[in-house]
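See below for the structure under consideration.
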Amino acid sequence: MGLFRKTPKPAPPPSGPPGTRAYAIGDVHGRLDLLRDLLDQIDADSQARPCQREFIVFLGDLIDRGPDSRGVLQLLQTIRLNLPNPVFVMGNHEEMLLRVLGDDPERVWDWMSFGGYEFAQSYGVEVGRLATLPAAAAAAEIRAAMPPTDLAFVESFVDSFRFGDYLFVHAGIRPGTPLEQQKISDLRWIREDFLDSSACHPFVVVHGHTISDGPDERPNRIGIDTGAYASGVLTALCLEGTDRKYLTAVG
């Protein structure tokens, strides 16, 4: 009988929903110039290859580190009604912003050294003077410089987005933990426990958060944070059916 034992069929490749395309954009970090370029490339690709339904997913960390956080947030608010089903995922930098401007202003100096300096500067805050203020006053000054619509926009971001056999999150997931039991802190902050795992997840995780020289494609995950603020390279992943391709803006 063993001679006729059937060889198990290989698992089918991951796929998006039929007739649907998704573009996922990695960590922008205030690089408005690269974001404009990449959005133009996505629009051209979409026009050249019409699809029944499209999504465009921003994987978080739109802000901090780079020179124009304000420009990035305001551009996306201006054009989002013209984007195909936009999804904005909350990154750890957006979390830090909301904490500092909310109920945890004492963390303002941690955030400033973490990229908040560039954020505040993009809103016209005299950052050199902030160091002379108590933490709560410094956080209040940054909040006062930020239009309420910008803050409300960031507060509206989601933690994850499922697309067929793919899951979009900012940082990753805790291996072996069902999606509904994942901690938000892991979705936004996890690194080695997720990155070093070869576990087979129920979906391929598409994420940013951890910089790589190019797309970091593994059997269980795809990382597309190419360090735009430092490298001048912003990457997008296009998923349609079982096909994948990458678009890149280079400054």
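Order determines the names: the first chain of the structure tokens is A, the second B, and so forth; residues in each chain are numbered 1 upward, and ligands are numbered 1 upward as they are shown.
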Considering only C-alpha atoms, tabulate each residue of segment 53-133 of chain A that lies at most 10 Å from segment 34-38 of chain A along with its nearest interatomic pair and the corresponding distance in Å to one decimal; arrange the rows by chain and ascending residue number and present them as a Markdown table.
```
| residue | atom | partner | partner_atom | distance |
| --- | --- | --- | --- | --- |
| A:Leu62 | CA | A:Leu35 | CA | 9.6 |
| A:Val72 | CA | A:Leu35 | CA | 7.7 |
| A:Leu75 | CA | A:Arg36 | CA | 8.8 |
| A:Leu76 | CA | A:Leu35 | CA | 9.7 |
```
Using N, CA, C and O atoms, can you write the selected residues to a file as a short mmCIF file (atom, residue, chain, number, x, y, z; two decimals), in the first residue's frame?
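Done, and the output landed in selection.cif:
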```
data_model
loop_
_atom_site.label_atom_id
_atom_site.label_comp_id
_atom_site.auth_asym_id
_atom_site.auth_seq_id
_atom_site.Cartn_x
_atom_site.Cartn_y
_atom_site.Cartn_z
N LEU A 62 3.38 57.47 9.31
CA LEU A 62 3.35 58.55 8.32
C LEU A 62 4.20 59.72 8.79
O LEU A 62 4.67 60.52 7.97
N VAL A 72 2.46 65.65 4.98
CA VAL A 72 1.96 64.30 4.70
C VAL A 72 0.53 64.15 5.20
O VAL A 72 -0.36 63.69 4.47
N LEU A 75 -1.85 66.42 3.10
CA LEU A 75 -2.07 65.91 1.74
C LEU A 75 -3.07 64.77 1.74
O LEU A 75 -4.01 64.73 0.93
N LEU A 76 -2.89 63.82 2.64
CA LEU A 76 -3.74 62.64 2.65
C LEU A 76 -5.18 62.98 3.02
O LEU A 76 -6.12 62.37 2.50
#
```
Per DSSP on the backbone, filter segment 191-232 of chain A down to the residues in helix (DSSP H, G or I) and report them as number ranges by chain.
A: 192-195, 228-231
Quick one: residues within 12 Å of segment 195-202 of chain A, only C-alpha atoms counted, chain neighbours fewer than 4 positions away excluded, as number ranges by chain?
A: 11, 14, 162, 164-167, 171-179, 186, 189-191, 206-212, 216-223
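Atom to atom, atom CA of Cys238 of chain A and atom CA of Val250 of chain A stand 17.2 Å apart.
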If you run DSSP over the backbone, which residues in segment 9-125 of chain A end up strand (DSSP E or B)? Put them as a PyMOL selection string.
chain A and resi 20-25+53-58+86-89
Expected file: the selected residues, N, CA, C and O atoms, as a JSON list (two decimals), in the first residue's frame:
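Saved the output as selection-v8.json:
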```
[["chain", "number", "residue", "atom", "x", "y", "z"],
["A", 20, "THR", "N", -9.96, 42.11, -7.09],
["A", 20, "THR", "CA", -9.60, 43.18, -6.16],
["A", 20, "THR", "C", -8.08, 43.35, -6.12],
["A", 20, "THR", "O", -7.34, 42.38, -6.19],
["A", 21, "ARG", "N", -7.64, 44.57, -6.00],
["A", 21, "ARG", "CA", -6.21, 44.89, -5.93],
["A", 21, "ARG", "C", -5.95, 45.73, -4.69],
["A", 21, "ARG", "O", -6.79, 46.55, -4.30],
["A", 22, "ALA", "N", -4.80, 45.54, -4.08],
["A", 22, "ALA", "CA", -4.40, 46.37, -2.93],
["A", 22, "ALA", "C", -2.98, 46.88, -3.16],
["A", 22, "ALA", "O", -2.09, 46.13, -3.57],
["A", 23, "TYR", "N", -2.80, 48.16, -2.88],
["A", 23, "TYR", "CA", -1.47, 48.76, -2.81],
["A", 23, "TYR", "C", -1.18, 49.07, -1.35],
["A", 23, "TYR", "O", -1.98, 49.73, -0.68],
["A", 24, "ALA", "N", -0.05, 48.59, -0.84],
["A", 24, "ALA", "CA", 0.35, 48.89, 0.53],
["A", 24, "ALA", "C", 1.62, 49.73, 0.50],
["A", 24, "ALA", "O", 2.58, 49.39, -0.20],
["A", 25, "ILE", "N", 1.61, 50.83, 1.25],
["A", 25, "ILE", "CA", 2.74, 51.77, 1.28],
["A", 25, "ILE", "C", 3.43, 51.67, 2.63],
["A", 25, "ILE", "O", 2.80, 51.73, 3.68],
["A", 53, "ARG", "N", -12.04, 46.58, -8.18],
["A", 53, "ARG", "CA", -12.03, 47.23, -6.87],
["A", 53, "ARG", "C", -10.60, 47.33, -6.37],
["A", 53, "ARG", "O", -9.81, 46.39, -6.54],
["A", 54, "GLU", "N", -10.27, 48.46, -5.77],
["A", 54, "GLU", "CA", -8.91, 48.68, -5.28],
["A", 54, "GLU", "C", -8.93, 49.22, -3.86],
["A", 54, "GLU", "O", -9.88, 49.90, -3.44],
["A", 55, "PHE", "N", -7.84, 48.93, -3.14],
["A", 55, "PHE", "CA", -7.58, 49.52, -1.84],
["A", 55, "PHE", "C", -6.17, 50.12, -1.87],
["A", 55, "PHE", "O", -5.29, 49.62, -2.57],
["A", 56, "ILE", "N", -5.96, 51.15, -1.08],
["A", 56, "ILE", "CA", -4.62, 51.66, -0.86],
["A", 56, "ILE", "C", -4.42, 51.74, 0.65],
["A", 56, "ILE", "O", -5.20, 52.39, 1.36],
["A", 57, "VAL", "N", -3.42, 51.00, 1.14],
["A", 57, "VAL", "CA", -3.22, 50.82, 2.57],
["A", 57, "VAL", "C", -1.92, 51.49, 2.99],
["A", 57, "VAL", "O", -0.85, 51.19, 2.44],
["A", 58, "PHE", "N", -2.02, 52.39, 3.96],
["A", 58, "PHE", "CA", -0.84, 53.04, 4.52],
["A", 58, "PHE", "C", -0.50, 52.33, 5.82],
["A", 58, "PHE", "O", -1.32, 52.28, 6.74],
["A", 86, "PRO", "N", -9.13, 54.07, 0.78],
["A", 86, "PRO", "CA", -7.92, 54.20, 1.60],
["A", 86, "PRO", "C", -8.09, 53.59, 2.99],
["A", 86, "PRO", "O", -9.17, 53.67, 3.59],
["A", 87, "VAL", "N", -7.02, 52.97, 3.48],
["A", 87, "VAL", "CA", -6.98, 52.39, 4.82],
["A", 87, "VAL", "C", -5.73, 52.93, 5.50],
["A", 87, "VAL", "O", -4.62, 52.79, 4.96],
["A", 88, "PHE", "N", -5.88, 53.54, 6.66],
["A", 88, "PHE", "CA", -4.75, 54.11, 7.38],
["A", 88, "PHE", "C", -4.52, 53.30, 8.66],
["A", 88, "PHE", "O", -5.37, 53.27, 9.55],
["A", 89, "VAL", "N", -3.37, 52.64, 8.73],
["A", 89, "VAL", "CA", -3.03, 51.79, 9.86],
["A", 89, "VAL", "C", -2.22, 52.60, 10.88],
["A", 89, "VAL", "O", -1.34, 53.38, 10.50]]
```
Pick out the closest residue to Ala144 of chain A from this set: A:Ala120, A:Met96, A:Ala131, A:Val158. Count only C-alpha atoms.
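Ranking A:Ala120, A:Met96, A:Ala131, A:Val158 by distance to Ala144 of chain A, first place goes to A:Ala120.
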Length of the atom CA of Trp111 of chain A to atom CA of Val205 of chain A vector [Å]
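Taking atom CA of Trp111 of chain A and atom CA of Val205 of chain A, their separation equals 27.2 Å.
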For Ser15 of chain A, which of A:Arg244, A:Arg31, A:Arg129, A:Arg188 is the closest residue, counting only C-alpha atoms?
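Looking only at the distances to Ser15 of chain A, the closest residue turns out to be A:Arg244.
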Just the residues within 9 Å of Glu155 of chain A, please, counting only C-alpha atoms, with nothing from its chain fewer than 4 positions along; format it as a VMD selection string.
chain A and resid 90 94 to 95 98 150 to 151
